[in-house]
$ cat final.tsv   # TSV, C-alpha atoms and all ligand atoms
chain	number	residue	atom	x	y	z
A	9	MET	CA	106.58	-31.97	139.45
A	10	THR	CA	106.99	-34.19	142.55
A	11	ARG	CA	105.79	-31.27	144.65
A	12	ARG	CA	102.67	-30.94	142.54
A	13	VAL	CA	101.99	-34.68	142.86
A	14	LEU	CA	102.47	-34.49	146.63
A	15	ARG	CA	100.09	-31.51	146.92
A	16	GLY	CA	97.49	-33.29	144.80
A	17	ALA	CA	97.84	-36.44	146.89
A	18	ILE	CA	97.30	-34.51	150.15
A	19	VAL	CA	94.14	-32.82	148.85
A	20	LEU	CA	92.85	-36.12	147.43
A	21	LEU	CA	93.54	-37.90	150.71
A	22	ALA	CA	91.69	-35.21	152.67
A	23	GLY	CA	88.75	-35.36	150.26
A	24	ALA	CA	88.64	-39.15	150.50
A	25	GLY	CA	88.89	-38.98	154.31
A	26	ALA	CA	85.97	-36.55	154.45
A	27	LEU	CA	83.69	-38.20	151.91
A	28	LEU	CA	84.47	-41.91	151.56
A	29	PRO	CA	82.34	-44.17	153.75
A	30	LEU	CA	84.58	-46.38	155.90
A	31	PRO	CA	83.21	-49.62	157.36
A	32	PRO	CA	83.02	-49.10	161.17
A	33	ILE	CA	84.21	-52.67	161.85
A	34	ALA	CA	87.39	-52.03	159.85
A	35	VAL	CA	87.97	-48.67	161.58
A	36	GLU	CA	87.44	-50.37	164.94
A	37	ARG	CA	89.91	-53.18	164.23
A	38	VAL	CA	92.63	-51.36	162.36
A	39	TYR	CA	92.47	-47.90	163.87
A	40	ALA	CA	90.45	-47.55	167.09
A	41	THR	CA	91.79	-50.70	168.77
A	42	GLY	CA	94.96	-51.05	166.65
A	43	VAL	CA	96.97	-47.99	165.68
A	44	TYR	CA	95.24	-45.40	167.85
A	45	PRO	CA	95.83	-46.89	171.37
A	46	TRP	CA	99.52	-47.21	170.56
A	47	LEU	CA	99.61	-43.60	169.38
A	48	GLN	CA	97.70	-42.36	172.44
A	49	GLN	CA	99.94	-44.22	174.87
A	50	ALA	CA	102.98	-42.61	173.27
A	51	VAL	CA	101.68	-39.04	172.89
A	52	THR	CA	99.58	-38.29	176.01
A	53	PRO	CA	102.34	-39.09	178.57
A	54	VAL	CA	104.61	-36.63	176.73
A	55	SER	CA	101.83	-34.00	176.72
A	56	ASN	CA	101.33	-34.62	180.45
A	57	VAL	CA	104.86	-33.42	181.22
A	58	VAL	CA	103.90	-29.74	180.96
A	59	PRO	CA	100.93	-28.02	182.70
A	60	PHE	CA	100.04	-25.81	179.74
A	61	ALA	CA	98.42	-26.89	176.49
A	62	PHE	CA	100.51	-27.52	173.39
A	63	PHE	CA	97.24	-26.71	171.63
A	64	ASP	CA	97.81	-23.00	172.42
A	65	THR	CA	101.17	-22.99	170.67
A	66	ILE	CA	99.80	-24.94	167.72
A	67	VAL	CA	96.74	-22.69	167.22
A	68	LEU	CA	98.38	-19.33	167.96
A	69	GLY	CA	101.48	-20.30	165.95
A	70	GLY	CA	99.28	-21.47	163.07
A	71	VAL	CA	97.27	-18.24	163.03
A	72	ALA	CA	100.44	-16.10	163.20
A	73	LEU	CA	101.97	-18.10	160.34
A	74	LEU	CA	98.79	-17.73	158.26
A	75	VAL	CA	98.64	-13.96	158.79
A	76	TRP	CA	102.33	-13.54	157.96
A	77	TYR	CA	102.02	-15.71	154.84
A	78	CYS	CA	98.93	-13.86	153.54
A	79	TRP	CA	100.64	-10.53	154.12
A	80	ARG	CA	103.78	-11.73	152.26
A	81	GLN	CA	101.81	-12.99	149.24
A	82	ILE	CA	99.71	-9.81	149.04
A	83	ARG	CA	102.83	-7.69	149.24
A	84	ALA	CA	104.45	-9.74	146.44
A	85	ALA	CA	101.31	-9.38	144.29
A	86	ARG	CA	101.29	-5.62	144.75
A	87	ALA	CA	104.98	-5.34	143.89
A	88	ALA	CA	104.57	-7.47	140.75
A	89	ARG	CA	101.21	-5.86	139.89
A	90	ARG	CA	99.68	-9.25	139.13
A	91	LEU	CA	97.46	-11.73	140.95
A	92	GLY	CA	99.83	-14.71	140.61
A	93	PRO	CA	101.30	-14.67	144.15
A	94	VAL	CA	97.83	-14.38	145.71
A	95	LEU	CA	96.52	-17.35	143.71
A	96	ALA	CA	99.63	-19.39	144.56
A	97	GLY	CA	99.14	-18.42	148.21
A	98	ALA	CA	95.50	-19.52	148.14
A	99	ARG	CA	96.55	-22.88	146.68
A	100	THR	CA	99.16	-23.37	149.39
A	101	ILE	CA	96.60	-22.55	152.11
A	102	VAL	CA	94.15	-25.12	150.69
A	103	VAL	CA	96.90	-27.78	150.67
A	104	ALA	CA	97.95	-26.84	154.22
A	105	ALA	CA	94.33	-27.04	155.44
A	106	ALA	CA	93.99	-30.46	153.77
A	107	ALA	CA	97.20	-31.61	155.46
A	108	VAL	CA	95.93	-30.44	158.88
A	109	TYR	CA	92.69	-32.36	158.30
A	110	VAL	CA	94.59	-35.53	157.31
A	111	VAL	CA	96.73	-35.26	160.48
A	112	PHE	CA	93.56	-34.68	162.56
A	113	LEU	CA	91.95	-37.83	161.12
A	114	GLY	CA	95.11	-39.85	161.70
A	115	ILE	CA	95.82	-38.76	165.25
A	116	TRP	CA	92.25	-38.89	166.59
A	117	GLY	CA	89.46	-37.93	164.17
A	118	LEU	CA	88.94	-41.41	162.70
A	119	ASN	CA	87.50	-42.42	166.06
A	120	TYR	CA	84.28	-40.74	164.90
A	121	ARG	CA	83.91	-43.61	162.42
A	122	ARG	CA	84.39	-46.53	164.84
A	123	VAL	CA	81.74	-49.00	165.94
A	124	SER	CA	79.02	-47.27	167.96
A	125	MET	CA	78.08	-48.15	171.53
A	126	ASN	CA	74.82	-49.63	170.19
A	127	GLU	CA	76.85	-52.17	168.22
A	128	ARG	CA	79.27	-52.75	171.07
A	129	LEU	CA	76.76	-53.37	173.86
A	130	VAL	CA	73.48	-55.20	174.21
A	131	THR	CA	70.99	-52.37	173.96
A	132	SER	CA	67.26	-52.13	173.54
A	133	THR	CA	66.01	-50.52	170.36
A	134	GLU	CA	63.04	-48.96	172.13
A	135	ARG	CA	63.19	-45.38	173.26
A	136	PRO	CA	62.82	-45.26	177.05
A	137	ALA	CA	59.56	-44.01	178.52
A	138	SER	CA	59.65	-40.59	180.17
A	139	GLU	CA	58.92	-42.17	183.55
A	140	ALA	CA	62.10	-44.26	183.19
A	141	VAL	CA	64.07	-41.05	182.65
A	142	VAL	CA	62.64	-39.55	185.86
A	143	GLN	CA	63.39	-42.77	187.76
A	144	LEU	CA	67.00	-42.65	186.57
A	145	GLY	CA	67.21	-39.05	187.83
A	146	LEU	CA	65.77	-40.12	191.19
A	147	GLU	CA	68.35	-42.90	191.44
A	148	ALA	CA	71.12	-40.38	190.74
A	149	ILE	CA	69.71	-38.09	193.43
A	150	GLU	CA	69.52	-40.93	195.94
A	151	GLN	CA	73.20	-41.65	195.35
A	152	MET	CA	74.09	-37.95	195.65
A	153	ASN	CA	72.17	-37.59	198.91
A	154	VAL	CA	73.96	-40.62	200.38
A	155	LEU	CA	77.43	-39.70	199.10
A	156	HIS	CA	77.37	-35.96	199.76
A	157	ALA	CA	78.81	-35.95	203.29
A	158	ASP	CA	81.60	-38.47	202.56
A	159	ALA	CA	82.52	-36.78	199.30
A	160	HIS	CA	82.81	-33.36	200.92
A	161	ALA	CA	84.71	-34.79	203.89
A	162	ALA	CA	87.28	-36.49	201.61
A	163	GLY	CA	87.46	-33.53	199.21
A	164	TRP	CA	88.61	-33.54	195.61
A	165	ASP	CA	92.11	-33.74	194.19
A	166	PRO	CA	92.70	-30.69	191.96
A	167	GLN	CA	94.42	-33.06	189.53
A	168	PRO	CA	92.22	-36.11	188.98
A	169	TRP	CA	94.97	-37.77	186.90
A	170	ARG	CA	96.89	-38.31	190.15
A	171	ASP	CA	93.91	-39.94	191.89
A	172	ARG	CA	94.94	-43.63	191.95
A	173	GLU	CA	91.40	-44.88	192.58
A	174	LEU	CA	90.01	-42.90	189.65
A	175	LEU	CA	92.78	-44.20	187.38
A	176	THR	CA	92.00	-47.79	188.36
A	177	ALA	CA	88.29	-47.10	187.80
A	178	PHE	CA	89.08	-45.62	184.37
A	179	ALA	CA	91.07	-48.69	183.34
A	180	SER	CA	88.40	-51.14	184.52
A	181	ALA	CA	85.55	-49.15	182.95
A	182	GLN	CA	87.41	-49.20	179.61
A	183	ARG	CA	87.82	-52.97	179.83
A	184	LEU	CA	84.03	-53.28	180.07
A	185	LEU	CA	83.71	-51.77	176.61
A	186	SER	CA	86.66	-52.95	174.57
A	187	ASP	CA	89.63	-55.32	174.55
A	188	ALA	CA	91.96	-52.54	173.36
A	189	PRO	CA	94.82	-51.61	175.71
A	190	PRO	CA	93.44	-49.02	178.17
A	191	ALA	CA	94.14	-45.38	177.35
A	192	ARG	CA	96.45	-43.25	179.48
A	193	PRO	CA	94.72	-40.42	181.39
A	194	GLY	CA	95.62	-36.79	180.72
A	195	ARG	CA	96.24	-34.02	183.23
A	196	LEU	CA	93.74	-31.15	183.21
A	197	LYS	CA	95.69	-28.42	181.52
A	198	TRP	CA	95.79	-24.69	181.73
A	199	SER	CA	95.23	-22.88	178.43
A	200	VAL	CA	94.95	-19.34	177.09
A	201	PHE	CA	91.57	-20.52	175.80
A	202	GLY	CA	90.43	-20.95	179.43
A	203	LEU	CA	88.79	-17.52	179.34
A	204	TYR	CA	86.93	-18.51	176.22
A	205	PHE	CA	85.78	-21.70	177.97
A	206	ARG	CA	84.44	-19.53	180.81
A	207	TRP	CA	82.53	-17.21	178.46
A	208	ALA	CA	81.20	-19.99	176.23
A	209	SER	CA	80.30	-22.34	179.15
A	210	ILE	CA	82.59	-25.14	177.99
A	211	ASP	CA	83.76	-27.53	180.73
A	212	GLY	CA	86.68	-29.11	178.95
A	213	MET	CA	88.08	-30.22	175.66
A	214	LEU	CA	90.29	-32.87	174.16
A	215	ALA	CA	92.89	-31.09	172.06
A	216	PRO	CA	93.50	-33.63	169.32
A	217	PHE	CA	96.96	-32.79	168.00
A	218	ALA	CA	98.84	-33.42	171.25
A	219	LEU	CA	96.11	-35.72	172.70
A	220	GLU	CA	95.82	-33.55	175.80
A	221	VAL	CA	92.98	-32.32	178.00
A	222	ILE	CA	92.13	-28.65	178.54
A	223	ALA	CA	89.76	-27.73	181.37
A	224	ASN	CA	87.63	-24.72	182.25
A	225	PRO	CA	89.60	-23.00	185.08
A	226	ASP	CA	86.37	-22.28	187.00
A	227	LEU	CA	85.25	-25.90	187.40
A	228	LEU	CA	84.05	-26.61	190.93
A	229	PRO	CA	85.80	-29.43	192.80
A	230	TRP	CA	82.79	-31.76	192.54
A	231	GLU	CA	82.66	-31.28	188.75
A	232	ARG	CA	86.32	-32.14	188.15
A	233	PRO	CA	86.36	-35.96	188.37
A	234	PHE	CA	83.55	-36.29	185.86
A	235	VAL	CA	84.93	-33.69	183.44
A	236	ALA	CA	88.32	-35.42	183.61
A	237	ALA	CA	86.79	-38.86	183.06
A	238	HIS	CA	84.71	-37.55	180.14
A	239	GLU	CA	87.80	-36.13	178.44
A	240	TRP	CA	89.77	-39.32	179.19
A	241	ALA	CA	86.99	-41.23	177.43
A	242	HIS	CA	87.72	-39.09	174.37
A	243	LEU	CA	91.40	-39.97	174.86
A	244	ALA	CA	90.32	-43.63	174.86
A	245	GLY	CA	88.91	-43.04	171.38
A	246	TYR	CA	85.23	-42.56	172.24
A	247	ALA	CA	84.66	-39.47	170.14
A	248	HIS	CA	80.88	-39.33	170.33
A	249	GLU	CA	79.78	-37.08	173.23
A	250	ALA	CA	77.13	-39.48	174.53
A	251	GLU	CA	79.70	-42.30	174.55
A	252	ALA	CA	82.29	-40.14	176.33
A	253	ASN	CA	79.62	-39.24	178.88
A	254	PHE	CA	78.77	-42.92	179.25
A	255	LEU	CA	82.36	-44.01	179.87
A	256	GLY	CA	82.99	-40.94	182.06
A	257	TRP	CA	80.02	-41.89	184.23
A	258	LEU	CA	80.96	-45.60	184.28
A	259	THR	CA	84.44	-44.53	185.44
A	260	CYS	CA	83.30	-42.16	188.19
A	261	ILE	CA	80.81	-44.58	189.73
A	262	ARG	CA	83.68	-47.06	190.13
A	263	GLY	CA	85.83	-44.52	191.97
A	264	ASN	CA	85.85	-43.31	195.58
A	265	ALA	CA	82.98	-41.42	197.21
A	266	SER	CA	84.12	-38.07	195.76
A	267	ALA	CA	84.30	-39.42	192.20
A	268	ARG	CA	81.03	-41.33	192.57
A	269	TYR	CA	79.33	-38.15	193.77
A	270	SER	CA	80.69	-36.27	190.75
A	271	GLY	CA	79.45	-38.99	188.35
A	272	TRP	CA	75.93	-39.13	189.78
A	273	LEU	CA	75.72	-35.35	189.91
A	274	PHE	CA	76.56	-35.27	186.19
A	275	LEU	CA	73.80	-37.80	185.46
A	276	TYR	CA	71.29	-35.86	187.55
A	277	TRP	CA	72.20	-32.73	185.58
A	278	GLN	CA	71.63	-34.47	182.23
A	279	VAL	CA	68.32	-35.99	183.33
A	280	ALA	CA	67.10	-32.64	184.71
A	281	GLY	CA	67.59	-31.19	181.23
A	282	GLU	CA	65.55	-33.98	179.64
A	283	VAL	CA	62.41	-34.13	181.78
A	284	GLY	CA	59.32	-31.91	181.69
A	285	ARG	CA	58.15	-29.54	184.41
A	286	ASP	CA	56.45	-32.28	186.48
A	287	GLY	CA	59.49	-34.51	186.32
A	288	ARG	CA	61.74	-31.66	187.34
A	289	ALA	CA	59.51	-30.87	190.32
A	290	ARG	CA	59.78	-34.51	191.47
A	291	LEU	CA	63.56	-34.42	191.12
A	292	ASP	CA	63.72	-31.12	192.91
A	293	ALA	CA	61.68	-32.44	195.84
A	294	ALA	CA	64.04	-35.43	196.22
A	295	LEU	CA	67.28	-33.41	196.18
A	296	GLY	CA	68.89	-33.05	199.62
A	297	ASP	CA	70.12	-29.66	200.87
A	298	GLY	CA	73.81	-30.46	200.36
A	299	PRO	CA	73.54	-31.65	196.75
A	300	ARG	CA	71.13	-28.79	196.01
A	301	ALA	CA	73.74	-26.25	197.16
A	302	ASP	CA	76.36	-27.92	194.91
A	303	VAL	CA	74.01	-27.86	191.91
A	304	LEU	CA	73.14	-24.20	192.52
A	305	ALA	CA	76.85	-23.40	192.76
A	306	ILE	CA	77.34	-24.88	189.26
A	307	HIS	CA	74.43	-22.84	187.89
A	308	GLU	CA	75.95	-19.75	189.50
A	309	ARG	CA	79.42	-20.53	188.07
A	310	ILE	CA	77.95	-20.80	184.57
A	311	ARG	CA	75.78	-17.70	184.96
A	312	ARG	CA	78.67	-15.59	186.25
A	313	GLY	CA	81.11	-16.68	183.57
A	314	ARG	CA	79.09	-16.80	180.40
A	315	LEU	CA	78.73	-14.25	177.64
A	316	GLN	CA	75.48	-15.29	176.10
A	317	PHE	CA	76.21	-14.38	172.48
A	318	LEU	CA	79.58	-16.14	172.61
A	319	GLN	CA	78.06	-19.17	174.30
A	320	GLN	CA	75.41	-19.48	171.59
A	321	ALA	CA	77.84	-18.88	168.73
A	322	SER	CA	80.33	-21.37	170.13
A	323	TRP	CA	77.74	-24.13	170.64
A	324	ARG	CA	76.38	-23.48	167.14
A	325	ALA	CA	79.90	-23.85	165.72
A	326	TYR	CA	80.45	-27.08	167.69
A	327	ASP	CA	77.10	-28.36	166.42
A	328	HIS	CA	78.32	-27.83	162.83
A	329	TYR	CA	81.63	-29.49	163.63
A	330	LEU	CA	79.92	-32.59	165.07
A	331	ARG	CA	77.56	-32.88	162.11
A	332	ALA	CA	80.52	-32.54	159.73
A	333	ASN	CA	82.10	-35.45	161.61
A	334	ARG	CA	78.95	-37.54	161.07
A	335	VAL	CA	77.41	-37.08	164.50
A	336	GLY	CA	73.85	-36.58	163.22
A	337	GLU	CA	72.45	-35.21	166.49
A	338	GLY	CA	75.09	-32.47	166.78
A	339	VAL	CA	75.35	-31.04	170.30
A	340	ARG	CA	72.17	-32.91	171.27
A	341	SER	CA	74.44	-35.96	171.34
A	342	TYR	CA	75.56	-35.00	174.90
A	343	SER	CA	72.16	-35.72	176.40
A	344	GLU	CA	71.82	-38.92	174.35
A	345	VAL	CA	73.73	-40.50	177.25
A	346	VAL	CA	70.46	-40.70	179.23
A	347	ASN	CA	68.93	-42.82	176.45
A	348	LEU	CA	72.08	-44.87	176.16
A	349	ILE	CA	72.13	-45.70	179.88
A	350	LEU	CA	68.42	-46.57	179.89
A	351	ARG	CA	68.68	-48.72	176.77
A	352	THR	CA	71.85	-50.57	177.77
A	353	ARG	CA	71.52	-53.93	179.45
A	354	PHE	CA	73.45	-53.96	182.74
A	355	GLU	CA	74.48	-56.75	185.04
A	356	ASP	CA	75.25	-56.09	188.70
A	357	ASP	CA	77.23	-52.96	189.64
A	358	TRP	CA	76.29	-51.22	186.41
A	359	THR	CA	78.32	-53.63	184.29
A	360	PRO	CA	77.17	-53.23	180.68
A	361	VAL	CA	76.70	-56.45	178.71
A	362	ARG	CA	78.86	-56.57	175.63
A	363	ARG	CA	77.80	-58.30	172.48
A	364	ASN	CA	80.19	-60.12	170.22
A	365	ALA	CA	80.01	-59.83	166.45
A	366	ALA	CA	78.34	-63.23	165.99
A	367	SER	CA	75.57	-62.70	168.51
A	368	ALA	CA	75.07	-59.15	167.24
A	369	HIS	CA	74.05	-60.52	163.85
A	370	ARG	CA	71.87	-63.21	165.39
A	371	GLU	CA	70.14	-60.75	167.66
A	372	SER	CA	69.41	-58.22	164.98
A	373	ALA	CA	67.83	-61.01	162.92
A	374	GLN	CA	65.45	-61.96	165.74
A	375	ALA	CA	63.06	-59.29	166.88
A	376	PRO	CA	62.64	-58.13	169.55
A	377	PRO	CA	66.11	-58.86	171.01
A	378	HIS	CA	65.35	-57.51	174.48
A	379	PRO	CA	61.97	-58.11	176.04
A	380	SER	CA	60.82	-54.97	177.82
A	381	SER	CA	59.37	-57.10	180.63
A	382	SER	CA	62.86	-57.69	182.05
A	383	ALA	CA	62.90	-54.09	183.24
A	384	ALA	CA	64.99	-54.93	186.30
A	385	SER	CA	68.04	-55.69	184.21
A	386	TRP	CA	67.65	-52.59	182.07
A	387	ARG	CA	67.94	-49.79	184.60
B	1	ZN	ZN	83.34	-34.18	175.03
$ encode --input "final.tsv" --output "structure tokens"
Amino acid sequence: MTRRVLRGAIVLLAGAGALLPLPPIAVERVYATGVYPWLQQAVTPVSNVVPFAFFDTIVLGGVALLVWYCWRQIRAARAARRLGPVLAGARTIVVAAAAVYVVFLGIWGLNYRRVSMNERLVTSTERPASEAVVQLGLEAIEQMNVLHADAHAAGWDPQPWRDRELLTAFASAQRLLSDAPPARPGRLKWSVFGLYFRWASIDGMLAPFALEVIANPDLLPWERPFVAAHEWAHLAGYAHEAEANFLGWLTCIRGNASARYSGWLFLYWQVAGEVGRDGRARLDAALGDGPRADVLAIHERIRRGRLQFLQQASWRAYDHYLRANRVGEGVRSYSEVVNLILRTRFEDDWTPVRRNAASAHRESAQAPPHPSSSAASWR
């Protein structure tokens, strides 16, 4: 009886977690800046002890257990010549899946429901003009052209989580966005899924159950600081891809020349995917020889590694996953970072202006909150 109640409670909890609307302010206070940072600070340092991903053991062990269990129930059904064991097995699998989902929500997934960056920061509601997007790309290119020589001379640490300057940058970038205790960075881990990352053109991933970071083994040195900072942003509870890109970029541009180069290169890459043919030609004309070679090397890395059908299937699956977790734009949410940067109000040194709850209400009551004439402060 107690078992049945427990099973029912798990399924109910999972259903409620998936369907019940949760107020973002409450999720932000209780979970994202309350329970979660404490959990992250306890779990990630333990995960960092080993260079391989616990995720591998969890997934491969889970699949092996599932196969063994199905086989056992089918064998029992055949021996008894009745369907009972198969039905009982199906029920157990549903309860186990519900339990995994509840653990996922508790250890990281609820971050999808926290306050969005639009609520957190002073942002314009207007969509940026296409010329502003090109200008942002040109600014990124200018930075890349200036930083290229210093970045290549200093080189890149294969393990960004040991780069003191990047860690300091990560902590200060987080403080710009939230008063929660800063998240601990994760080492870029080796995984048996690395091959899959290569074929599907995935740069990295936050593995939720052990709050660890898995990286594509083929990443080029100048890609690593940004990919690390993006995944650390997920570790800091910014689940939305545009927000992780935003914090990843804010982190890198506060680091040393090598990290700054990586951050601006990322932004250039995103902008290049957003602009039309004319815009791309203007960006292309501005790109120096050194940065151009680095960009081409990334294109070549992706081209060499990918298996097109797997890449498309994997991005389609991720699109479904994001939509199921209430990210309406799906995988398009990555490039939303360009809009986010252009709509956010910055002070000097790319310091985003935060809004507090009281002024947020006042501002939304008075339209328009941000005059478009003050373009200089909007970058
Ligand atoms: Zn991500």
$ residues_near_ligand --input "final.tsv" --ligand "ligand ZN 1 (chain B)" --cutoff "12 Å" --atoms "all atoms listed in the file" --output "VMD selection string"
chain A and resid 210 to 216 221 to 223 234 to 256 326 330 338 to 343 345
$ atom_distance --input "final.tsv" --atom1 "CA of Arg121 in chain A" --atom2 "CA of Ser180 in chain A"
23.8 Å
$ atom_distance --input "final.tsv" --atom1 "CA of Ala305 in chain A" --atom2 "CA of Ala157 in chain A"
16.5 Å
$ closest_residue --input "final.tsv" --among "A:Leu273, A:Ala105, A:Ile82, A:Leu227" --to "Arg300 in chain A" --atoms "all atoms listed in the file"
A:Leu273
$ residues_around --input "final.tsv" --residues "Tyr77 in chain A" --least-positions-apart "5" --cutoff "10 Å" --atoms "all atoms listed in the file" --output "list in words"
Val71, Ala72, Ile82, Arg83, Gly97, Thr100 and Ile101 of chain A
$ write_last_selection --input "final.tsv" --atoms "C-alpha atoms" --output "CSV table (one decimal), keeping the file's coordinate frame"
chain,number,residue,atom,x,y,z
A,71,VAL,CA,97.3,-18.2,163.0
A,72,ALA,CA,100.4,-16.1,163.2
A,82,ILE,CA,99.7,-9.8,149.0
A,83,ARG,CA,102.8,-7.7,149.2
A,97,GLY,CA,99.1,-18.4,148.2
A,100,THR,CA,99.2,-23.4,149.4
A,101,ILE,CA,96.6,-22.6,152.1
$ closest_residue --input "final.tsv" --among "A:Arg122, A:Arg99, A:Arg170, A:Arg314" --to "Arg334 in chain A" --atoms "only C-alpha atoms"
A:Arg122
$ residues_near_point --input "final.tsv" --point "(71.8, -45.7, 177.6)" --cutoff "10 Å" --atoms "all atoms listed in the file" --output "list in words"
Met125, Asn126, Leu129, Thr131, Ser132, Arg135, Pro136, Ala250, Glu251, Phe254, Glu344, Val345, Val346, Asn347, Leu348, Ile349, Leu350, Arg351, Thr352, Arg353, Phe354, Pro360, Trp386 and Arg387 of chain A
$ atom_distance --input "final.tsv" --atom1 "CA of Pro29 in chain A" --atom2 "CA of Tyr120 in chain A"
11.8 Å
$ residues_around --input "final.tsv" --residues "Tyr276 in chain A" --least-positions-apart "3" --cutoff "7 Å" --atoms "only C-alpha atoms" --output "list in words"
Gly145, Ala148, Ile149, Trp272, Leu273, Val279 and Ala280 of chain A
$ residues_around --input "final.tsv" --residues "Leu175 in chain A" --least-positions-apart "2" --cutoff "12 Å" --atoms "all atoms listed in the file" --output "number ranges by chain"
A: 167-173, 177-182, 190-195, 233, 236-237, 240-241, 256, 259-260, 262-264, 267
$ closest_residue --input "final.tsv" --among "A:Val142, A:Leu219, A:Ala107, A:Leu174" --to "Ala22 in chain A" --atoms "only C-alpha atoms"
A:Ala107
$ axis_aligned_box --input "final.tsv" --around "range 241-248 of chain A" --padding-each-side "4 Å" --output "lines of an AutoDock Vina configuration file"
center_x = 86.1
center_y = -41.4
center_z = 173.8
size_x = 18.5
size_y = 12.5
size_z = 15.3
$ residues_around --input "final.tsv" --residues "Gly202 in chain A" --least-positions-apart "3" --cutoff "6 Å" --atoms "all atoms listed in the file" --output "list in words"
Ser199, Phe205 and Asn224 of chain A
$ build_atoms --input "final.tsv" --residues "range 220-235 of chain A" --atoms "N, CA and C atoms" --output "mmCIF file, in the coordinates of the input"
data_model
loop_
_atom_site.group_PDB
_atom_site.id
_atom_site.type_symbol
_atom_site.label_atom_id
_atom_site.label_comp_id
_atom_site.auth_asym_id
_atom_site.auth_seq_id
_atom_site.Cartn_x
_atom_site.Cartn_y
_atom_site.Cartn_z
ATOM 1 N N GLU A 220 95.750 -34.113 174.453
ATOM 2 C CA GLU A 220 95.820 -33.550 175.800
ATOM 3 C C GLU A 220 94.450 -32.992 176.190
ATOM 4 N N VAL A 221 94.273 -32.754 177.490
ATOM 5 C CA VAL A 221 92.980 -32.320 178.000
ATOM 6 C C VAL A 221 93.074 -30.889 178.536
ATOM 7 N N ILE A 222 92.189 -30.028 178.050
ATOM 8 C CA ILE A 222 92.130 -28.650 178.540
ATOM 9 C C ILE A 222 90.847 -28.511 179.359
ATOM 10 N N ALA A 223 90.946 -27.840 180.511
ATOM 11 C CA ALA A 223 89.760 -27.730 181.370
ATOM 12 C C ALA A 223 89.395 -26.277 181.604
ATOM 13 N N ASN A 224 88.113 -26.035 181.833
ATOM 14 C CA ASN A 224 87.630 -24.720 182.250
ATOM 15 C C ASN A 224 88.240 -24.429 183.628
ATOM 16 N N PRO A 225 88.923 -23.264 183.805
ATOM 17 C CA PRO A 225 89.600 -23.000 185.080
ATOM 18 C C PRO A 225 88.629 -22.799 186.239
ATOM 19 N N ASP A 226 87.343 -22.567 185.947
ATOM 20 C CA ASP A 226 86.370 -22.280 187.000
ATOM 21 C C ASP A 226 85.649 -23.520 187.522
ATOM 22 N N LEU A 227 85.972 -24.698 186.978
ATOM 23 C CA LEU A 227 85.250 -25.900 187.400
ATOM 24 C C LEU A 227 85.252 -26.020 188.921
ATOM 25 N N LEU A 228 84.123 -26.402 189.482
ATOM 26 C CA LEU A 228 84.050 -26.610 190.930
ATOM 27 C C LEU A 228 84.622 -27.994 191.247
ATOM 28 N N PRO A 229 85.127 -28.159 192.479
ATOM 29 C CA PRO A 229 85.800 -29.430 192.800
ATOM 30 C C PRO A 229 84.960 -30.650 192.478
ATOM 31 N N TRP A 230 83.637 -30.591 192.753
ATOM 32 C CA TRP A 230 82.790 -31.760 192.540
ATOM 33 C C TRP A 230 82.475 -31.985 191.066
ATOM 34 N N GLU A 231 82.846 -31.060 190.187
ATOM 35 C CA GLU A 231 82.660 -31.280 188.750
ATOM 36 C C GLU A 231 83.890 -31.957 188.133
ATOM 37 N N ARG A 232 85.050 -31.761 188.779
ATOM 38 C CA ARG A 232 86.320 -32.140 188.150
ATOM 39 C C ARG A 232 86.465 -33.618 187.795
ATOM 40 N N PRO A 233 86.148 -34.549 188.737
ATOM 41 C CA PRO A 233 86.360 -35.960 188.370
ATOM 42 C C PRO A 233 85.561 -36.348 187.122
ATOM 43 N N PHE A 234 84.316 -35.885 187.033
ATOM 44 C CA PHE A 234 83.550 -36.290 185.860
ATOM 45 C C PHE A 234 84.097 -35.640 184.587
ATOM 46 N N VAL A 235 84.410 -34.345 184.641
ATOM 47 C CA VAL A 235 84.930 -33.690 183.440
ATOM 48 C C VAL A 235 86.223 -34.384 182.991
#
